[in-house]
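Just structure-v2.pdb here, PDB, C-alpha atoms:
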```pdb
ATOM      1  CA  MET W   1     249.326 207.424 -42.161
ATOM      2  CA  VAL W   2     251.370 205.666 -39.458
ATOM      3  CA  TYR W   3     253.764 208.596 -39.489
ATOM      4  CA  ASN W   4     250.937 211.040 -38.829
ATOM      5  CA  MET W   5     249.652 208.947 -35.888
ATOM      6  CA  TYR W   6     253.099 208.958 -34.248
ATOM      7  CA  LEU W   7     253.363 212.713 -34.894
ATOM      8  CA  MET W   8     250.033 213.386 -33.163
ATOM      9  CA  LYS W   9     250.998 211.115 -30.257
ATOM     10  CA  TYR W  10     254.284 212.952 -29.621
ATOM     11  CA  ALA W  11     252.579 216.312 -30.041
ATOM     12  CA  LYS W  12     250.114 215.430 -27.255
ATOM     13  CA  ILE W  13     252.996 214.327 -24.998
ATOM     14  CA  ALA W  14     254.802 217.615 -25.676
ATOM     15  CA  ILE W  15     251.683 219.596 -24.785
ATOM     16  CA  VAL W  16     251.329 217.688 -21.487
ATOM     17  CA  PHE W  17     254.991 218.314 -20.560
ATOM     18  CA  TYR W  18     254.625 222.007 -21.457
ATOM     19  CA  SER W  19     251.484 222.301 -19.307
ATOM     20  CA  VAL W  20     253.235 220.686 -16.335
ATOM     21  CA  PHE W  21     256.215 223.049 -16.750
ATOM     22  CA  VAL W  22     253.949 226.139 -16.830
ATOM     23  CA  MET W  23     252.045 224.939 -13.756
ATOM     24  CA  PHE W  24     255.293 224.296 -11.865
ATOM     25  CA  PHE W  25     256.712 227.704 -12.817
ATOM     26  CA  PHE W  26     253.675 229.669 -11.648
ATOM     27  CA  THR W  27     253.298 227.590  -8.477
ATOM     28  CA  LYS W  28     256.921 228.254  -7.571
ATOM     29  CA  HIS W  29     256.617 232.002  -8.136
ATOM     30  CA  TYR W  30     253.016 232.428  -6.936
ATOM     31  CA  ALA W  31     253.885 233.781  -3.489
ATOM     32  CA  PHE W  32     256.082 236.487  -4.975
ATOM     33  CA  ALA W  33     253.490 237.354  -7.607
ATOM     34  CA  THR W  34     250.594 237.699  -5.170
ATOM     35  CA  ALA W  35     252.287 239.734  -2.409
ATOM     36  CA  PRO W  36     251.730 243.102  -4.093
ATOM     37  CA  ALA W  37     248.164 242.092  -4.934
ATOM     38  CA  GLY W  38     247.562 241.342  -1.255
ATOM     39  CA  ILE W  39     248.773 244.801  -0.327
ATOM     40  CA  GLU W  40     246.545 246.296  -3.019
ATOM     41  CA  GLU W  41     243.566 244.380  -1.615
ATOM     42  CA  ASP W  42     244.266 245.745   1.877
ATOM     43  CA  GLN W  43     244.547 249.266   0.502
ATOM     44  CA  SER W  44     241.328 248.810  -1.494
ATOM     45  CA  GLU W  45     239.521 247.582   1.630
ATOM     46  CA  GLN W  46     240.762 250.573   3.640
ATOM     47  CA  LYS W  47     239.678 252.911   0.847
ATOM     48  CA  LEU W  48     236.253 251.253   0.702
ATOM     49  CA  THR W  49     235.898 251.586   4.481
ATOM     50  CA  SER W  50     236.756 255.301   4.260
ATOM     51  CA  ILE W  51     234.206 255.795   1.488
ATOM     52  CA  LEU W  52     231.530 254.036   3.528
ATOM     53  CA  ASP W  53     232.430 256.146   6.590
ATOM     54  CA  TYR W  54     231.874 259.481   4.916
ATOM     55  CA  GLN W  55     228.796 258.240   3.061
ATOM     56  CA  VAL W  56     227.258 257.178   6.382
ATOM     57  CA  LYS W  57     228.264 260.489   8.008
ATOM     58  CA  THR W  58     226.647 262.361   5.128
ATOM     59  CA  ARG W  59     223.459 260.343   5.542
ATOM     60  CA  PHE W  60     223.317 261.038   9.271
ATOM     61  CA  ILE W  61     223.869 264.771   8.774
ATOM     62  CA  SER W  62     220.777 264.668   6.563
ATOM     63  CA  ILE W  63     218.844 262.656   9.172
ATOM     64  CA  PHE W  64     219.741 265.085  11.979
ATOM     65  CA  SER W  65     218.473 267.910   9.763
ATOM     66  CA  GLU W  66     215.185 266.169   9.044
ATOM     67  CA  TYR W  67     214.535 265.460  12.727
ATOM     68  CA  CYS W  68     215.293 268.944  14.028
ATOM     69  CA  LYS W  69     212.902 271.891  14.396
ATOM     70  CA  TRP W  70     214.161 275.455  14.155
ATOM     71  CA  PRO W  71     212.573 278.494  15.828
ATOM     72  CA  PRO W  72     210.637 281.074  13.711
ATOM     73  CA  GLN W  73     213.560 283.542  13.645
ATOM     74  CA  SER W  74     215.809 281.001  11.917
ATOM     75  CA  SER W  75     216.292 281.091   8.137
ATOM     76  CA  ALA W  76     215.295 277.416   8.263
ATOM     77  CA  ALA W  77     211.757 278.623   8.937
ATOM     78  CA  THR W  78     211.864 281.281   6.198
ATOM     79  CA  PRO W  79     210.209 280.198   2.907
ATOM     80  CA  GLY W  80     212.360 280.389  -0.206
ATOM     81  CA  LYS W  81     215.719 280.383   1.560
ATOM     82  CA  PRO W  82     218.059 277.409   0.987
ATOM     83  CA  PHE W  83     219.087 274.971   3.706
ATOM     84  CA  ILE W  84     222.722 275.984   4.153
ATOM     85  CA  ILE W  85     225.156 273.428   5.536
ATOM     86  CA  GLY W  86     228.501 274.981   6.433
ATOM     87  CA  ALA W  87     231.886 273.268   6.515
ATOM     88  CA  PHE W  88     235.314 274.786   7.134
ATOM     89  CA  GLU W  89     237.244 272.866   4.525
ATOM     90  CA  GLU W  90     236.461 270.648   1.595
ATOM     91  CA  ASN W  91     237.123 267.065   2.636
ATOM     92  CA  ASP W  92     235.616 263.656   1.828
ATOM     93  CA  VAL W  93     232.401 264.312   3.754
ATOM     94  CA  SER W  94     231.824 267.859   2.498
ATOM     95  CA  SER W  95     232.706 266.797  -1.070
ATOM     96  CA  TYR W  96     230.206 263.961  -0.884
ATOM     97  CA  LEU W  97     227.642 266.340   0.634
ATOM     98  CA  ILE W  98     228.121 268.753  -2.265
ATOM     99  CA  GLU W  99     227.411 265.971  -4.767
ATOM    100  CA  THR W 100     224.535 264.537  -2.735
ATOM    101  CA  VAL W 101     222.566 267.729  -2.104
ATOM    102  CA  LYS W 102     222.569 268.858  -5.738
ATOM    103  CA  THR W 103     219.287 267.076  -6.347
ATOM    104  CA  ARG W 104     217.948 266.861  -2.791
ATOM    105  CA  THR W 105     215.899 268.874  -0.373
ATOM    106  CA  ILE W 106     216.404 268.937   3.381
ATOM    107  CA  ALA W 107     213.563 269.890   5.693
ATOM    108  CA  GLY W 108     211.593 270.906   2.614
ATOM    109  CA  LYS W 109     214.298 273.248   1.339
ATOM    110  CA  LYS W 110     216.801 273.152  -1.460
ATOM    111  CA  ALA W 111     220.121 272.241   0.157
ATOM    112  CA  LYS W 112     223.344 274.166  -0.355
ATOM    113  CA  ILE W 113     226.871 273.543   0.922
ATOM    114  CA  LEU W 114     228.892 276.546   2.026
ATOM    115  CA  ILE W 115     232.661 276.057   2.355
ATOM    116  CA  ILE W 116     233.443 278.710   4.955
ATOM    117  CA  ALA W 117     236.354 281.008   4.152
ATOM    118  CA  ASP W 118     235.515 283.642   6.749
ATOM    119  CA  GLU W 119     234.172 282.860  10.224
ATOM    120  CA  LYS W 120     231.526 285.581   9.761
ATOM    121  CA  GLU W 121     229.852 283.253   7.231
ATOM    122  CA  ILE W 122     228.925 280.851  10.045
ATOM    123  CA  GLU W 123     225.840 282.953  10.854
ATOM    124  CA  GLN W 124     224.415 282.114   7.402
ATOM    125  CA  CYS W 125     224.333 278.397   8.247
ATOM    126  CA  ILE W 126     221.402 276.324   9.393
ATOM    127  CA  LEU W 127     223.680 273.382  10.140
ATOM    128  CA  LEU W 128     227.418 273.568  10.769
ATOM    129  CA  TYR W 129     229.583 270.484  10.203
ATOM    130  CA  ILE W 130     232.848 270.469  12.130
ATOM    131  CA  THR W 131     235.728 268.079  11.415
ATOM    132  CA  GLU W 132     238.689 267.228  13.635
ATOM    133  CA  THR W 133     240.855 269.794  11.848
ATOM    134  CA  SER W 134     238.302 272.613  11.994
ATOM    135  CA  GLY W 135     237.967 271.793  15.694
ATOM    136  CA  LYS W 136     241.121 273.863  16.209
ATOM    137  CA  ARG W 137     238.778 276.852  15.981
ATOM    138  CA  LEU W 138     236.663 275.345  18.761
ATOM    139  CA  GLN W 139     236.332 278.349  21.063
ATOM    140  CA  LYS W 140     235.718 280.827  18.261
ATOM    141  CA  ILE W 141     233.032 278.611  16.693
ATOM    142  CA  LEU W 142     231.272 278.200  20.039
ATOM    143  CA  GLU W 143     231.366 281.964  20.633
ATOM    144  CA  ILE W 144     229.754 282.640  17.245
ATOM    145  CA  THR W 145     227.116 279.901  17.440
ATOM    146  CA  ASP W 146     226.236 280.557  21.083
ATOM    147  CA  ASN W 147     222.467 281.223  21.327
ATOM    148  CA  LEU W 148     222.106 281.066  17.521
ATOM    149  CA  PRO W 149     219.706 278.497  15.971
ATOM    150  CA  ILE W 150     222.507 276.622  14.194
ATOM    151  CA  LEU W 151     222.714 272.850  14.590
ATOM    152  CA  THR W 152     226.374 272.007  15.207
ATOM    153  CA  VAL W 153     227.474 268.495  14.213
ATOM    154  CA  SER W 154     231.032 267.284  14.795
ATOM    155  CA  ASP W 155     232.946 264.090  14.067
ATOM    156  CA  ALA W 156     235.723 264.849  16.560
ATOM    157  CA  ARG W 157     235.646 262.835  19.762
ATOM    158  CA  GLY W 158     234.884 264.811  22.924
ATOM    159  CA  ASP W 159     233.241 267.735  21.106
ATOM    160  CA  ALA W 160     229.788 267.171  22.635
ATOM    161  CA  GLU W 161     231.295 267.622  26.087
ATOM    162  CA  LYS W 162     232.893 270.869  24.887
ATOM    163  CA  GLY W 163     229.604 272.374  23.715
ATOM    164  CA  TYR W 164     228.766 271.075  20.235
ATOM    165  CA  MET W 165     225.238 269.706  19.875
ATOM    166  CA  ILE W 166     225.889 266.373  18.172
ATOM    167  CA  GLU W 167     229.102 264.346  18.143
ATOM    168  CA  MET W 168     229.090 261.416  15.738
ATOM    169  CA  PHE W 169     231.633 258.626  15.445
ATOM    170  CA  MET W 170     232.018 255.235  13.767
ATOM    171  CA  VAL W 171     232.513 252.000  15.701
ATOM    172  CA  GLU W 172     232.853 248.764  13.716
ATOM    173  CA  LYS W 173     231.286 250.381  10.634
ATOM    174  CA  LYS W 174     228.256 251.538  12.643
ATOM    175  CA  MET W 175     227.344 255.123  13.380
ATOM    176  CA  HIS W 176     227.095 256.263  16.989
ATOM    177  CA  TYR W 177     226.400 259.730  18.335
ATOM    178  CA  ILE W 178     226.184 261.805  21.509
ATOM    179  CA  VAL W 179     223.728 264.666  21.965
ATOM    180  CA  ASN W 180     224.424 267.743  24.084
ATOM    181  CA  LEU W 181     220.825 268.626  24.935
ATOM    182  CA  ILE W 182     221.923 271.648  26.962
ATOM    183  CA  ALA W 183     223.471 273.250  23.865
ATOM    184  CA  VAL W 184     220.479 272.262  21.710
ATOM    185  CA  ARG W 185     217.943 273.891  24.029
ATOM    186  CA  LYS W 186     220.108 276.969  24.550
ATOM    187  CA  SER W 187     219.977 277.640  20.812
ATOM    188  CA  GLY W 188     216.211 277.279  20.673
ATOM    189  CA  LEU W 189     216.315 274.078  18.624
ATOM    190  CA  LEU W 190     214.159 271.017  19.190
ATOM    191  CA  LEU W 191     215.415 267.532  18.374
ATOM    192  CA  ASP W 192     212.860 264.836  17.694
ATOM    193  CA  SER W 193     212.562 262.103  20.312
ATOM    194  CA  THR W 194     213.697 259.578  17.665
ATOM    195  CA  ILE W 195     217.165 261.165  17.590
ATOM    196  CA  LEU W 196     217.353 261.186  21.380
ATOM    197  CA  LYS W 197     216.141 257.602  21.628
ATOM    198  CA  TYR W 198     219.048 256.190  19.619
ATOM    199  CA  ALA W 199     221.783 258.428  21.032
ATOM    200  CA  ASP W 200     224.610 256.662  22.868
ATOM    201  CA  LYS W 201     224.597 259.410  25.453
ATOM    202  CA  ILE W 202     222.588 262.550  26.199
ATOM    203  CA  ILE W 203     224.268 265.404  28.042
ATOM    204  CA  GLN W 204     221.581 267.329  29.894
ATOM    205  CA  GLU W 205     223.033 268.338  33.242
TER     206      GLU W 205
END
```

What would the structure in this file look like if it were written as structure tokens?
Amino acid sequence: MVYNMYLMKYAKIAIVFYSVFVMFFFTKHYAFATAPAGIEEDQSEQKLTSILDYQVKTRFISIFSEYCKWPPQSSAATPGKPFIIGAFEENDVSSYLIETVKTRTIAGKKAKILIIADEKEIEQCILLYITETSGKRLQKILEITDNLPILTVSDARGDAEKGYMIEMFMVEKKMHYIVNLIAVRKSGLLLDSTILKYADKIIQE
């Protein structure tokens, strides 16, 4: 009986010493163990920010579409035809658009994403989304869309000044945009006053 009591007592002491050793070991090596995790957290945060960016851009493309009126000659005003959004390459935004519009309607129409392989396909679009990379075709795109009722939306800085209708950009996780009202009116489109009200800048001279 006495032997068992001593055995239990020493067992408890051994457990305490083992616990202290484990705590010391992990405390000593904690900095080395957590460094990669810190990097992973930073990368995860950057990835999350990127995801939020293109989700917000996708949402605003939809909003611009809902608050725009197209002239009678546009396919946007033709019953039965899909609302075609064109993009020059499949990227995060266009990929998210493809997934988003599968079950949605825009301006009362079934939405469809067209990844443009040939510049002649631009004329099929109701809205054209331009990225920084597709902006290399700037002059050609402007020549094709000139006077056509196609809403051009870009996420490349300075594009509104160059002739695109809406230039959107993120600042501190908030969407901002500039409207080139000259280009909008030239194409026969009409943007709702709500869009103009919240624009950072309106180019109209």

What are the centre and the three edge lengths of an axis-aligned box that wraps all atoms of range 162-171 of chain W in the file, given that 6 Å is added to every side, written as JSON and rounded to one decimal in Å?
```
{"center_x": 229.1, "center_y": 262.2, "center_z": 19.3, "size_x": 19.7, "size_y": 32.4, "size_z": 23.1}
```

Given all atoms listed in the file as the basis, pick out the residue of W:Ser65, W:Phe88, W:Thr100, W:Ile122 nearest to Lys136 in chain W.
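Ranked by minimum distance to Lys136 in chain W, first place goes to W:Phe88.
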
Suppose you want the space between CA of Glu123 in chain W and CA of Phe60 in chain W; what is it in Å?
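Between these atoms lies a distance of 22.1 Å.
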
Choose the residue, out of W:Ser154, W:Ser95, W:Gln139, W:Ser74, that has the smallest atom-to-atom separation from Ile126 in chain W; count all atoms listed in the file.
W:Ser74

Atom-to-atom span, CA of Val179 in chain W and CA of Pro79 in chain W, Å:
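We find that CA of Val179 in chain W and CA of Pro79 in chain W lie 28.1 Å from each other.
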
Residue neighbourhood Lys201 in chain W, 10 Å, only C-alpha atoms, exclusion window fewer than 4 positions, as a PyMOL selection string
chain W and resi 160+167+176-181+196-197

For Ile98 in chain W: contacts at 12 Å, all atoms listed in the file, fewer than 6 positions along chain excluded, given as a PyMOL selection string
chain W and resi 55+58+84-87+90-92+104+111-115

Pairwise distance for CA of Leu127 in chain W and CA of Tyr67 in chain W, rounded to one decimal in Å:
12.4 Å

Using the chain letters and numbering of this document, enumerate as a VMD selection string the residues selected by the PyMOL selection byres ((chain W and resi 80) around 9).
chain W and resid 78 to 79 81 to 82 109 to 110

Evaluate the PyMOL selection byres ((chain W and resi 187) around 7) on the structure here and hand back the selected residues as a ChimeraX atom specification.
/W:146-149,183-186,188-189

Using the chain letters and residue numbers of this document, give as an MDAnalysis selection string the residues selected by the PyMOL selection byres ((chain W and resi 69) around 9).
chainID W and resid 65:68 70:71 76:77 107 188:192

Please determine, counting all atoms listed in the file, which residue among W:Ile150, W:Glu161, W:Thr105, W:Phe83 has the shortest atom-to-atom distance to Gln204 in chain W.
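With all atoms listed in the file as the atom set, the closest residue is W:Glu161.
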
For Glu143 in chain W, which of W:Met168, W:Gly158, W:Tyr129, W:Lys120 is the closest residue, counting all atoms listed in the file?
W:Lys120

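Nearest to Leu151 in chain W of all the residues W:Ala199, W:Ile182, W:Met165, W:Leu97 is W:Met165, counting only C-alpha atoms.
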
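With only C-alpha atoms as the atoms that count, the residue of W:Gln73, W:Ala156, W:Ile61, W:Ile144 with the shortest distance to Val101 in chain W is W:Ile61.
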